[in-house]
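Please read the structure below before turning to the comments.
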Number of protein chains: 2
Amino acid sequence: MPERERRWNGWGFAGESFPAPARARAWLAERLGEGNPLPAVPESEVVIPPPRPLPALPARTLTESGVRLRTACGHSLPDLLALRTGAIAAFPDAVCFPESSEQVVEILRAASAAGVVVIPRGGGTSVVGGVTVRPGARPVVVLSLERLRGLVRVDTTSQLATFRAGSLGPEVEAALAPHGLRLGHEPQSFELSTVGGWVATRSAGHRSTGVGKIDELVAGLELATASGLWRLPPLPASAAGPELRRLVIGSEGRLGVITEATLRVRPLPESEDGLAVLLPGWAAAVELCRELLQTGVPVEMLRLSDPPETSFGTTLVHLSPLAARVSRALFGMRRYHRGCVLLLGWAGATQEVTLAEQAAAKLWRAAGGLALGRSGWRRWRDERFRHPYLRDELLSAGWGVDTLETAAPWARLGAVYSAVRQAMSSACERLGFRVAVLCHLSHAYRDGASLYFTFLWPLARGAELAQWSALKGAATEALLETGGTISHHHGVGTIHAPYLEREVGQTGIAALSALARELDPQGVLNPGVLLPGEAT
Amino acid sequence: MPERERRWNGWGFAGESFPAPARARAWLAERLGEGNPLPAVPESEVVIPPPRPLPALPARTLTESGVRLRTACGHSLPDLLALRTGAIAAFPDAVCFPESSEQVVEILRAASAAGVVVIPRGGGTSVVGGVTVRPGARPVVVLSLERLRGLVRVDTTSQLATFRAGSLGPEVEAALAPHGLRLGHEPQSFELSTVGGWVATRSAGHRSTGVGKIDELVAGLELATASGLWRLPPLPASAAGPELRRLVIGSEGRLGVITEATLRVRPLPESEDGLAVLLPGWAAAVELCRELLQTGVPVEMLRLSDPPETSFGTTLVHLSPLAARVSRALFGMRRYHRGCVLLLGWAGATQEVTLAEQAAAKLWRAAGGLALGRSGWRRWRDERFRHPYLRDELLSAGWGVDTLETAAPWARLGAVYSAVRQAMSSACERLGFRVAVLCHLSHAYRDGASLYFTFLWPLARGAELAQWSALKGAATEALLETGGTISHHHGVGTIHAPYLEREVGQTGIAALSALARELDPQGVLNPGVLLPGEAT
């Protein structure tokens, strides 16, 4: 069980928050106007229908309303709107808590036999509807991985560690540290999300530019299906047919339940550091990132904010009066008027970190960069898991906020960036409201990078979901038209499912459907997620 | 069409060879005894039955005996035995030469409709039966990619280049060089094999430790099936469901015909160099390789020969009398009596190459290494594509020779190494002959490495195939028992197909079979390859 109580209708742990500073509210009000504050109904006002009857499941199973409410949704914007208004479309009829991989198989067998829908749930942090309960004729059980946790074994020679799927980020690192090892996979949901969830959704973390996405970190897997446990032992590489581990990675609970993963780990770094650099403009700063990656300068963490995100970002940090004056002066300069903050981080042997920093400095200096020092980077590192709490505060204050992310080859990145911004502007202009679109580039590769957009708008009472749909739909269309993927690390879920065919083609959908029919013949595993148009 | 004529019954280009030096023959005779020279029947003695009738195919189609003979086999040892003895089990009924991706689709449609088996063929260098024509009731057409060649487009910004599937290794590099780029994928078959073949078999090259296997180099793909062209455009990364490109990579012509691939390329290096180092013993030398990879010392090319391979290797190179004296003296020293030669190569910016060499030197010196200089490495680099010609010479001289390769986590590598050697020794002891097993470690990763075994034995007349089967079978069993993959970069073909289920499980076979049924409902695409027990 999680040690800390989670907020039932918002991000993260009860008691934690990231209040929006007055300057941030002023920034938004100036650009977007005031929105309609969206109050949250109290838990007692949520109407939860009684659970439908279920067959006996071979694991601890709860049907209490509080548990069913807490496992009905993830953290997409539609989820949050539903939780805040109490208009939750569907609840699971039960939540079960298997304690072994074998129990997961037995649950899947029982559910398949009885035609019960199973929604696997790790940390429940999906922002794309991957764990949201959908209304449907069949009863629904949420299969929580909460009791399937911990380090199974560690192979320090091969730097491989096997974890049960329900292990949370901090547990992973805590279990590895005594062995002098770390994983280094740190999505923003790190404190709340699980190994199984990362693998199921192809997640990325802040350090992925250096350590690789979870796709690259998985060496071996165990997947539970109704037919049994499918074990794919760790291998550094193989040519024994198509890489079937890659079929499981990104399968979002639609092909089976990931019960264990063997991950590639690495030594704890001797030192870690980073810095913030101010660059004169977006296009040249993107070019700098490309140069860093293509010349092979080692970077573990890279994040480049565009001018709007840089501008909004300065409203979120508390600066001393002196620092605030310096900051105003800098952005007042013509050169940095459209400035972009680049964060660069390193970890490793002290000498390597120093050499890499020097190599990077040569490039960012040549690009007209100005060092803002280490404190900006450190503050970001120390606060990065708190940023998502801001969304709940902004919703309360009347502004909608959501994010979407993509990746594309470098040559297309400019077109993707412009098209997404343009599409959202046009969409909200048609509907008569304004939007602020912030963006950062992160997770860079030799051949391209991901762009992460945050969009904010003033909520219109009763039309919140329609506003979000218009923005999200327009942006996704823009991605597909310009060659960006519909998701770089959030996954498909239900929200992106209708668009998947345009990305992977009819043949891709046919291939995935064939796999789903083979591994889940009764169609009980997370229907509606990944593949569009499935009966729930 | 290939510019140079190929040998019809052996490796490579007509006129090329790698004659076995007298010292190499003496080495073998001393350890194995003399074998029975296996003469090759002349082409005129091969009996080729008339082709069976075929529907008209929408591309140039040849039915001449010479063409059918030249596309009946690959380069596995059973293939070579068949070609040498003239006892070829089956011939294609025709060979067709599509000139566009669309023509490939049309051929697949016509073949599917008529129940004609299609065997896609790139360079034809498969050593695992991946392109060998199998006897069966249905007519067989070989689909040659020979006319689907060349660079389609290059994106120098993203360092991506799209090639037609039939492009040969030297063509790829020649097309990239004017753009200041290279791929750096150099399997030993480089001069003879194709982009499509590399992707279909998950191949690796000499530089893969640095540049990655082909798996990592593919950013986008086009696959022809009877339903049309499946295009998966290049992306640096994605979370849009499971990575379907990885389903195509390694599909060995069983799911479709790869017609184009977009590959991650890199700048031509400013400099390139390497060296040979003599290390005192195998186990410690393997540890050194692990250390190199796990401490992140950049290495583009790494190859560590075990004591038997090191010993045999010295018989293959022409040394000056002085060098020969030095070599004898060295191996005479107690310290290097069981010496292992390690080749290390680098390419990149001159300063980076120098730094990497220095970092590596610190480690190999600490491991008791002795620099043998750059000439050994350069000779190996310059001759590496000629080594496979030796096999034909040895067969003629009476020794069987084949190779097999695997990969495993570092912690299992020692067990895999011993088990394979032991299994082959036991197998041939039972059958009353001797075997020499040579091995090198290459393609190293943070979590493991590949081992490449070469085994040689004295041929027994009429029992050549049985000898090979016993050795190969015993070794493959040993791999499966110790956790090595059945192939690191040769693929599955027909030869490994019966073992695939033990590696990927019943569920893995079921998943692949479901995909094959979906993408090739008539079961005409390379049946018998990859999936075992299919009707040919």
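Residue numbering restarts at 1 for every chain of the structure tokens, chains are lettered A, B, ... in their displayed order, and ligands are numbered from 1 as they appear.
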
Quick one: residues within 9 Å of Cys289 in chain A, only C-alpha atoms, excluding same-chain residues fewer than 3 positions away - as a PyMOL selection string? chain A and resi 284-286+292-294+302+304+364+441+444+449

Residues just named, written with N, CA, C and O atoms as a short mmCIF file (atom, residue, chain, number, x, y, z; two decimals), in the first residue's frame:
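And here is the file that came out, again_27.cif:
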```
data_model
loop_
_atom_site.label_atom_id
_atom_site.label_comp_id
_atom_site.auth_asym_id
_atom_site.auth_seq_id
_atom_site.Cartn_x
_atom_site.Cartn_y
_atom_site.Cartn_z
N ALA A 284 17.50 29.27 -32.89
CA ALA A 284 18.93 29.04 -32.72
C ALA A 284 19.20 28.13 -31.52
O ALA A 284 20.15 27.35 -31.52
N ALA A 285 18.36 28.23 -30.52
CA ALA A 285 18.54 27.38 -29.34
C ALA A 285 18.25 25.92 -29.66
O ALA A 285 18.92 25.01 -29.17
N VAL A 286 17.24 25.71 -30.51
CA VAL A 286 16.96 24.33 -30.96
C VAL A 286 18.16 23.80 -31.74
O VAL A 286 18.58 22.65 -31.56
N LEU A 292 24.52 19.74 -29.91
CA LEU A 292 24.98 19.01 -28.71
C LEU A 292 24.82 17.50 -28.93
O LEU A 292 25.73 16.71 -28.67
N LEU A 293 23.65 17.12 -29.43
CA LEU A 293 23.39 15.68 -29.60
C LEU A 293 24.20 15.10 -30.75
O LEU A 293 24.76 14.01 -30.63
N GLN A 294 24.26 15.83 -31.85
CA GLN A 294 24.90 15.25 -33.04
C GLN A 294 26.42 15.27 -32.96
O GLN A 294 27.08 14.49 -33.64
N LEU A 302 18.40 17.57 -20.42
CA LEU A 302 18.37 18.73 -21.31
C LEU A 302 16.92 19.19 -21.39
O LEU A 302 16.02 18.38 -21.59
N LEU A 304 14.88 22.74 -22.86
CA LEU A 304 14.94 24.09 -23.44
C LEU A 304 13.53 24.66 -23.49
O LEU A 304 12.67 24.13 -24.20
N TRP A 364 27.37 26.31 -26.28
CA TRP A 364 26.33 27.31 -25.95
C TRP A 364 26.88 28.72 -25.93
O TRP A 364 26.17 29.68 -26.21
N LEU A 441 11.58 21.83 -25.26
CA LEU A 441 12.19 20.71 -25.96
C LEU A 441 12.94 19.89 -24.92
O LEU A 441 13.66 20.44 -24.08
N ALA A 444 16.24 14.78 -26.15
CA ALA A 444 16.79 14.95 -27.49
C ALA A 444 17.56 13.71 -27.93
O ALA A 444 18.11 12.97 -27.11
N ALA A 449 13.91 15.27 -31.61
CA ALA A 449 13.69 15.61 -30.20
C ALA A 449 12.21 15.58 -29.92
O ALA A 449 11.38 15.52 -30.82
#
```

Against range 26-38 of chain B, which residues of range 263-359 of chain B fall within 12 Å? For each one I want the closest pair of atoms and the distance in Å (one decimal), counting only C-alpha atoms, rows by chain and increasing residue number, as a Markdown table.
```
| residue | atom | partner | partner_atom | distance |
| --- | --- | --- | --- | --- |
| B:Pro308 | CA | B:Trp27 | CA | 10.7 |
| B:Glu309 | CA | B:Trp27 | CA | 11.5 |
| B:Ser311 | CA | B:Trp27 | CA | 8.9 |
| B:Phe312 | CA | B:Trp27 | CA | 7.1 |
| B:Gly313 | CA | B:Trp27 | CA | 10.3 |
| B:Thr314 | CA | B:Trp27 | CA | 10.1 |
| B:Thr315 | CA | B:Trp27 | CA | 7.5 |
| B:Leu316 | CA | B:Trp27 | CA | 10.2 |
```

Please dump the current selection as a PDB file, in the first residue's frame; keep all heavy atoms.
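Ended up saving to part.pdb:
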```
ATOM      1  N   PRO B 308      42.111 -20.138 -28.212  1.00  0.00           N
ATOM      2  CA  PRO B 308      42.168 -20.913 -29.461  1.00  0.00           C
ATOM      3  C   PRO B 308      42.067 -20.035 -30.713  1.00  0.00           C
ATOM      4  O   PRO B 308      42.796 -20.256 -31.689  1.00  0.00           O
ATOM      5  CB  PRO B 308      40.965 -21.865 -29.348  1.00  0.00           C
ATOM      6  CG  PRO B 308      40.705 -21.988 -27.881  1.00  0.00           C
ATOM      7  CD  PRO B 308      41.071 -20.654 -27.283  1.00  0.00           C
ATOM      8  N   GLU B 309      41.179 -19.037 -30.701  1.00  0.00           N
ATOM      9  CA  GLU B 309      41.048 -18.180 -31.889  1.00  0.00           C
ATOM     10  C   GLU B 309      42.306 -17.347 -32.093  1.00  0.00           C
ATOM     11  O   GLU B 309      42.750 -17.116 -33.224  1.00  0.00           O
ATOM     12  CB  GLU B 309      39.817 -17.275 -31.796  1.00  0.00           C
ATOM     13  CG  GLU B 309      39.589 -16.503 -33.084  1.00  0.00           C
ATOM     14  CD  GLU B 309      38.276 -15.723 -33.125  1.00  0.00           C
ATOM     15  OE1 GLU B 309      37.217 -16.351 -33.279  1.00  0.00           O
ATOM     16  OE2 GLU B 309      38.333 -14.477 -32.989  1.00  0.00           O
ATOM     17  N   SER B 311      45.277 -18.232 -31.234  1.00  0.00           N
ATOM     18  CA  SER B 311      46.304 -19.150 -31.738  1.00  0.00           C
ATOM     19  C   SER B 311      46.089 -19.443 -33.226  1.00  0.00           C
ATOM     20  O   SER B 311      47.017 -19.335 -34.045  1.00  0.00           O
ATOM     21  CB  SER B 311      46.257 -20.438 -30.904  1.00  0.00           C
ATOM     22  OG  SER B 311      47.008 -21.450 -31.510  1.00  0.00           O
ATOM     23  N   PHE B 312      44.858 -19.778 -33.617  1.00  0.00           N
ATOM     24  CA  PHE B 312      44.581 -20.057 -35.025  1.00  0.00           C
ATOM     25  C   PHE B 312      44.800 -18.793 -35.859  1.00  0.00           C
ATOM     26  O   PHE B 312      45.329 -18.855 -36.973  1.00  0.00           O
ATOM     27  CB  PHE B 312      43.151 -20.584 -35.196  1.00  0.00           C
ATOM     28  CG  PHE B 312      42.829 -21.000 -36.610  1.00  0.00           C
ATOM     29  CD1 PHE B 312      43.502 -22.052 -37.217  1.00  0.00           C
ATOM     30  CD2 PHE B 312      41.846 -20.331 -37.336  1.00  0.00           C
ATOM     31  CE1 PHE B 312      43.206 -22.443 -38.522  1.00  0.00           C
ATOM     32  CE2 PHE B 312      41.553 -20.710 -38.648  1.00  0.00           C
ATOM     33  CZ  PHE B 312      42.227 -21.764 -39.242  1.00  0.00           C
ATOM     34  N   GLY B 313      44.406 -17.656 -35.296  1.00  0.00           N
ATOM     35  CA  GLY B 313      44.534 -16.386 -36.016  1.00  0.00           C
ATOM     36  C   GLY B 313      45.968 -16.093 -36.437  1.00  0.00           C
ATOM     37  O   GLY B 313      46.205 -15.565 -37.529  1.00  0.00           O
ATOM     38  N   THR B 314      46.914 -16.448 -35.572  1.00  0.00           N
ATOM     39  CA  THR B 314      48.313 -16.158 -35.916  1.00  0.00           C
ATOM     40  C   THR B 314      48.773 -16.970 -37.126  1.00  0.00           C
ATOM     41  O   THR B 314      49.733 -16.599 -37.793  1.00  0.00           O
ATOM     42  CB  THR B 314      49.271 -16.456 -34.743  1.00  0.00           C
ATOM     43  OG1 THR B 314      49.146 -17.836 -34.403  1.00  0.00           O
ATOM     44  CG2 THR B 314      48.966 -15.597 -33.532  1.00  0.00           C
ATOM     45  N   THR B 315      48.072 -18.068 -37.419  1.00  0.00           N
ATOM     46  CA  THR B 315      48.478 -18.881 -38.586  1.00  0.00           C
ATOM     47  C   THR B 315      47.958 -18.277 -39.889  1.00  0.00           C
ATOM     48  O   THR B 315      48.362 -18.692 -40.968  1.00  0.00           O
ATOM     49  CB  THR B 315      47.936 -20.324 -38.494  1.00  0.00           C
ATOM     50  OG1 THR B 315      46.511 -20.293 -38.691  1.00  0.00           O
ATOM     51  CG2 THR B 315      48.252 -20.970 -37.161  1.00  0.00           C
ATOM     52  N   LEU B 316      47.032 -17.328 -39.776  1.00  0.00           N
ATOM     53  CA  LEU B 316      46.390 -16.792 -40.986  1.00  0.00           C
ATOM     54  C   LEU B 316      47.073 -15.548 -41.519  1.00  0.00           C
ATOM     55  O   LEU B 316      46.835 -15.140 -42.650  1.00  0.00           O
ATOM     56  CB  LEU B 316      44.922 -16.461 -40.708  1.00  0.00           C
ATOM     57  CG  LEU B 316      44.010 -17.640 -40.373  1.00  0.00           C
ATOM     58  CD1 LEU B 316      42.606 -17.151 -40.080  1.00  0.00           C
ATOM     59  CD2 LEU B 316      43.988 -18.656 -41.519  1.00  0.00           C
TER      60      LEU B 316
END
```

Quick one: which chain B residues come within 6 Å of chain A, and what is the nearest atom pair for each with the distance in Å to one decimal, counting only C-alpha atoms, rows ordered by chain and ascending number, as JSON lines?
```
{"residue": "B:Thr157", "atom": "CA", "partner": "A:Ala411", "partner_atom": "CA", "distance": 5.6}
{"residue": "B:Ser158", "atom": "CA", "partner": "A:Asp447", "partner_atom": "CA", "distance": 4.5}
{"residue": "B:Gln159", "atom": "CA", "partner": "A:Asp447", "partner_atom": "CA", "distance": 5.8}
{"residue": "B:Arg202", "atom": "CA", "partner": "A:Ala239", "partner_atom": "CA", "distance": 5.2}
{"residue": "B:Leu235", "atom": "CA", "partner": "A:Ala408", "partner_atom": "CA", "distance": 5.5}
{"residue": "B:Pro236", "atom": "CA", "partner": "A:Gly448", "partner_atom": "CA", "distance": 5.3}
{"residue": "B:Ser238", "atom": "CA", "partner": "A:His488", "partner_atom": "CA", "distance": 4.1}
{"residue": "B:Ala239", "atom": "CA", "partner": "A:His488", "partner_atom": "CA", "distance": 4.8}
{"residue": "B:Ala240", "atom": "CA", "partner": "A:Ser487", "partner_atom": "CA", "distance": 5.5}
{"residue": "B:Gly241", "atom": "CA", "partner": "A:Gly250", "partner_atom": "CA", "distance": 4.8}
{"residue": "B:Pro242", "atom": "CA", "partner": "A:Gly250", "partner_atom": "CA", "distance": 4.4}
{"residue": "B:Leu247", "atom": "CA", "partner": "A:Pro242", "partner_atom": "CA", "distance": 5.1}
{"residue": "B:Ile249", "atom": "CA", "partner": "A:Pro242", "partner_atom": "CA", "distance": 5.8}
{"residue": "B:Gly250", "atom": "CA", "partner": "A:Pro242", "partner_atom": "CA", "distance": 4.4}
{"residue": "B:Ser251", "atom": "CA", "partner": "A:Pro242", "partner_atom": "CA", "distance": 5.6}
{"residue": "B:Ala408", "atom": "CA", "partner": "A:Leu235", "partner_atom": "CA", "distance": 5.5}
{"residue": "B:Pro409", "atom": "CA", "partner": "A:Ser158", "partner_atom": "CA", "distance": 5.6}
{"residue": "B:Trp410", "atom": "CA", "partner": "A:Ser158", "partner_atom": "CA", "distance": 5.0}
{"residue": "B:Ala411", "atom": "CA", "partner": "A:Thr157", "partner_atom": "CA", "distance": 5.6}
{"residue": "B:Asp447", "atom": "CA", "partner": "A:Ser158", "partner_atom": "CA", "distance": 4.5}
{"residue": "B:Gly448", "atom": "CA", "partner": "A:Pro236", "partner_atom": "CA", "distance": 5.3}
{"residue": "B:Ser487", "atom": "CA", "partner": "A:Ala239", "partner_atom": "CA", "distance": 5.2}
{"residue": "B:His488", "atom": "CA", "partner": "A:Ser238", "partner_atom": "CA", "distance": 4.1}
{"residue": "B:His489", "atom": "CA", "partner": "A:Ala239", "partner_atom": "CA", "distance": 4.9}
{"residue": "B:Gly491", "atom": "CA", "partner": "A:Ala239", "partner_atom": "CA", "distance": 4.8}
{"residue": "B:Val492", "atom": "CA", "partner": "A:Ala240", "partner_atom": "CA", "distance": 5.6}
{"residue": "B:Ala511", "atom": "CA", "partner": "A:Leu515", "partner_atom": "CA", "distance": 5.9}
{"residue": "B:Leu515", "atom": "CA", "partner": "A:Ala511", "partner_atom": "CA", "distance": 5.9}
```

If we count only C-alpha atoms and set the cut-off at 10 Å, which residues sit around Leu465 in chain A, ignoring sequence neighbours fewer than 2 positions away in its own chain? Please answer as a PyMOL selection string. chain A and resi 77-78+81-82+400+459-463+467-471

Using only N, CA, C and O atoms, please write the residues we just selected to a file, as a CSV table (one decimal), in the first residue's frame.
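For reference, result.csv as written:
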```csv
chain,number,residue,atom,x,y,z
A,77,LEU,N,-7.1,15.6,-18.2
A,77,LEU,CA,-8.0,16.8,-17.9
A,77,LEU,C,-9.4,16.3,-17.8
A,77,LEU,O,-10.1,16.7,-16.9
A,78,PRO,N,-9.9,15.5,-18.8
A,78,PRO,CA,-11.3,15.0,-18.6
A,78,PRO,C,-11.5,14.3,-17.2
A,78,PRO,O,-12.5,14.5,-16.6
A,81,LEU,N,-11.7,17.0,-14.6
A,81,LEU,CA,-13.0,17.7,-14.7
A,81,LEU,C,-14.1,16.9,-14.0
A,81,LEU,O,-15.0,17.3,-13.3
A,82,ALA,N,-14.1,15.6,-14.4
A,82,ALA,CA,-15.1,14.6,-13.8
A,82,ALA,C,-15.0,14.6,-12.3
A,82,ALA,O,-16.0,14.6,-11.6
A,400,GLY,N,-7.9,26.6,-17.3
A,400,GLY,CA,-7.7,25.2,-17.7
A,400,GLY,C,-6.2,25.1,-18.1
A,400,GLY,O,-5.6,26.0,-18.5
A,459,LEU,N,-11.2,29.1,-18.2
A,459,LEU,CA,-12.4,28.2,-18.2
A,459,LEU,C,-13.7,28.9,-18.4
A,459,LEU,O,-13.9,30.0,-17.8
A,460,ALA,N,-14.5,28.3,-19.3
A,460,ALA,CA,-15.9,28.9,-19.5
A,460,ALA,C,-16.9,27.9,-18.8
A,460,ALA,O,-16.8,26.7,-19.1
A,461,ARG,N,-17.6,28.4,-17.9
A,461,ARG,CA,-18.5,27.4,-17.1
A,461,ARG,C,-19.3,26.5,-18.0
A,461,ARG,O,-20.0,27.0,-18.9
A,462,GLY,N,-19.2,25.2,-17.7
A,462,GLY,CA,-20.1,24.3,-18.4
A,462,GLY,C,-19.5,23.9,-19.8
A,462,GLY,O,-19.9,22.9,-20.3
A,463,ALA,N,-18.5,24.7,-20.2
A,463,ALA,CA,-17.9,24.4,-21.5
A,463,ALA,C,-16.4,23.9,-21.4
A,463,ALA,O,-15.7,23.8,-22.4
A,467,GLN,N,-14.0,23.1,-24.5
A,467,GLN,CA,-12.8,23.9,-24.8
A,467,GLN,C,-11.6,23.0,-24.9
A,467,GLN,O,-10.8,23.2,-25.8
A,468,TRP,N,-11.4,22.1,-23.9
A,468,TRP,CA,-10.3,21.2,-24.0
A,468,TRP,C,-10.3,20.4,-25.2
A,468,TRP,O,-9.2,20.2,-25.9
A,469,SER,N,-11.4,19.8,-25.6
A,469,SER,CA,-11.5,19.0,-26.8
A,469,SER,C,-11.1,19.7,-28.0
A,469,SER,O,-10.4,19.2,-28.9
A,470,ALA,N,-11.5,21.0,-28.1
A,470,ALA,CA,-11.2,21.8,-29.3
A,470,ALA,C,-9.7,22.0,-29.4
A,470,ALA,O,-9.1,21.8,-30.5
A,471,LEU,N,-9.1,22.3,-28.3
A,471,LEU,CA,-7.6,22.6,-28.3
A,471,LEU,C,-6.8,21.3,-28.5
A,471,LEU,O,-5.9,21.2,-29.4
```

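Considering the residues A:Arg421, A:Arg134, A:His318, A:Arg52 and counting only C-alpha atoms, Ala475 in chain A has its shortest atom-to-atom contact with A:Arg421.
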
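When DSSP reads the backbone of this structure, the residues of range 379-444 of chain A it assigns to strand (DSSP E) are Trp399, Gly400, Val401, Asp402, Thr403, Leu404, Glu405, Thr406, Ala407, Ala408, Pro409, Ala436, Val437, Leu438, Cys439, His440, Leu441 and Ser442 of chain A.
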
Tell me, as a PDB file with all heavy atoms, in the first residue's frame, which residues lie within 9 Å of Pro19 in chain B, counting only C-alpha atoms; anything in the same chain fewer than 5 positions away does not count.
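Writing the result to out.pdb gives the following:
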```pdb
ATOM      1  N   TYR B 389      35.812 -16.083 -47.154  1.00  0.00           N
ATOM      2  CA  TYR B 389      36.232 -16.897 -48.292  1.00  0.00           C
ATOM      3  C   TYR B 389      37.017 -18.126 -47.842  1.00  0.00           C
ATOM      4  O   TYR B 389      37.116 -19.112 -48.562  1.00  0.00           O
ATOM      5  CB  TYR B 389      37.093 -16.067 -49.267  1.00  0.00           C
ATOM      6  CG  TYR B 389      36.333 -15.003 -50.021  1.00  0.00           C
ATOM      7  CD1 TYR B 389      36.260 -13.702 -49.546  1.00  0.00           C
ATOM      8  CD2 TYR B 389      35.691 -15.313 -51.213  1.00  0.00           C
ATOM      9  CE1 TYR B 389      35.572 -12.718 -50.244  1.00  0.00           C
ATOM     10  CE2 TYR B 389      34.990 -14.339 -51.923  1.00  0.00           C
ATOM     11  CZ  TYR B 389      34.934 -13.043 -51.439  1.00  0.00           C
ATOM     12  OH  TYR B 389      34.248 -12.087 -52.133  1.00  0.00           O
ATOM     13  N   LEU B 390      37.602 -18.033 -46.656  1.00  0.00           N
ATOM     14  CA  LEU B 390      38.409 -19.134 -46.140  1.00  0.00           C
ATOM     15  C   LEU B 390      37.597 -20.413 -45.988  1.00  0.00           C
ATOM     16  O   LEU B 390      38.119 -21.519 -46.145  1.00  0.00           O
ATOM     17  CB  LEU B 390      39.015 -18.721 -44.782  1.00  0.00           C
ATOM     18  CG  LEU B 390      39.884 -19.730 -44.062  1.00  0.00           C
ATOM     19  CD1 LEU B 390      41.109 -20.106 -44.889  1.00  0.00           C
ATOM     20  CD2 LEU B 390      40.339 -19.174 -42.702  1.00  0.00           C
ATOM     21  N   ASP B 392      35.299 -21.777 -47.815  1.00  0.00           N
ATOM     22  CA  ASP B 392      35.274 -22.619 -49.021  1.00  0.00           C
ATOM     23  C   ASP B 392      36.599 -23.357 -49.211  1.00  0.00           C
ATOM     24  O   ASP B 392      36.629 -24.525 -49.601  1.00  0.00           O
ATOM     25  CB  ASP B 392      34.959 -21.752 -50.249  1.00  0.00           C
ATOM     26  CG  ASP B 392      33.579 -21.127 -50.152  1.00  0.00           C
ATOM     27  OD1 ASP B 392      32.601 -21.879 -50.023  1.00  0.00           O
ATOM     28  OD2 ASP B 392      33.490 -19.883 -50.163  1.00  0.00           O
ATOM     29  N   GLU B 393      37.707 -22.659 -48.921  1.00  0.00           N
ATOM     30  CA  GLU B 393      39.032 -23.281 -49.065  1.00  0.00           C
ATOM     31  C   GLU B 393      39.167 -24.447 -48.089  1.00  0.00           C
ATOM     32  O   GLU B 393      39.728 -25.497 -48.427  1.00  0.00           O
ATOM     33  CB  GLU B 393      40.134 -22.248 -48.766  1.00  0.00           C
ATOM     34  CG  GLU B 393      40.101 -21.035 -49.666  1.00  0.00           C
ATOM     35  CD  GLU B 393      40.593 -21.340 -51.083  1.00  0.00           C
ATOM     36  OE1 GLU B 393      41.386 -22.282 -51.243  1.00  0.00           O
ATOM     37  OE2 GLU B 393      40.148 -20.638 -52.013  1.00  0.00           O
ATOM     38  N   LEU B 394      38.679 -24.260 -46.875  1.00  0.00           N
ATOM     39  CA  LEU B 394      38.810 -25.311 -45.870  1.00  0.00           C
ATOM     40  C   LEU B 394      37.936 -26.510 -46.218  1.00  0.00           C
ATOM     41  O   LEU B 394      38.338 -27.657 -46.029  1.00  0.00           O
ATOM     42  CB  LEU B 394      38.477 -24.768 -44.479  1.00  0.00           C
ATOM     43  CG  LEU B 394      39.499 -23.765 -43.929  1.00  0.00           C
ATOM     44  CD1 LEU B 394      39.026 -23.200 -42.581  1.00  0.00           C
ATOM     45  CD2 LEU B 394      40.882 -24.402 -43.770  1.00  0.00           C
TER      46      LEU B 394
END
```
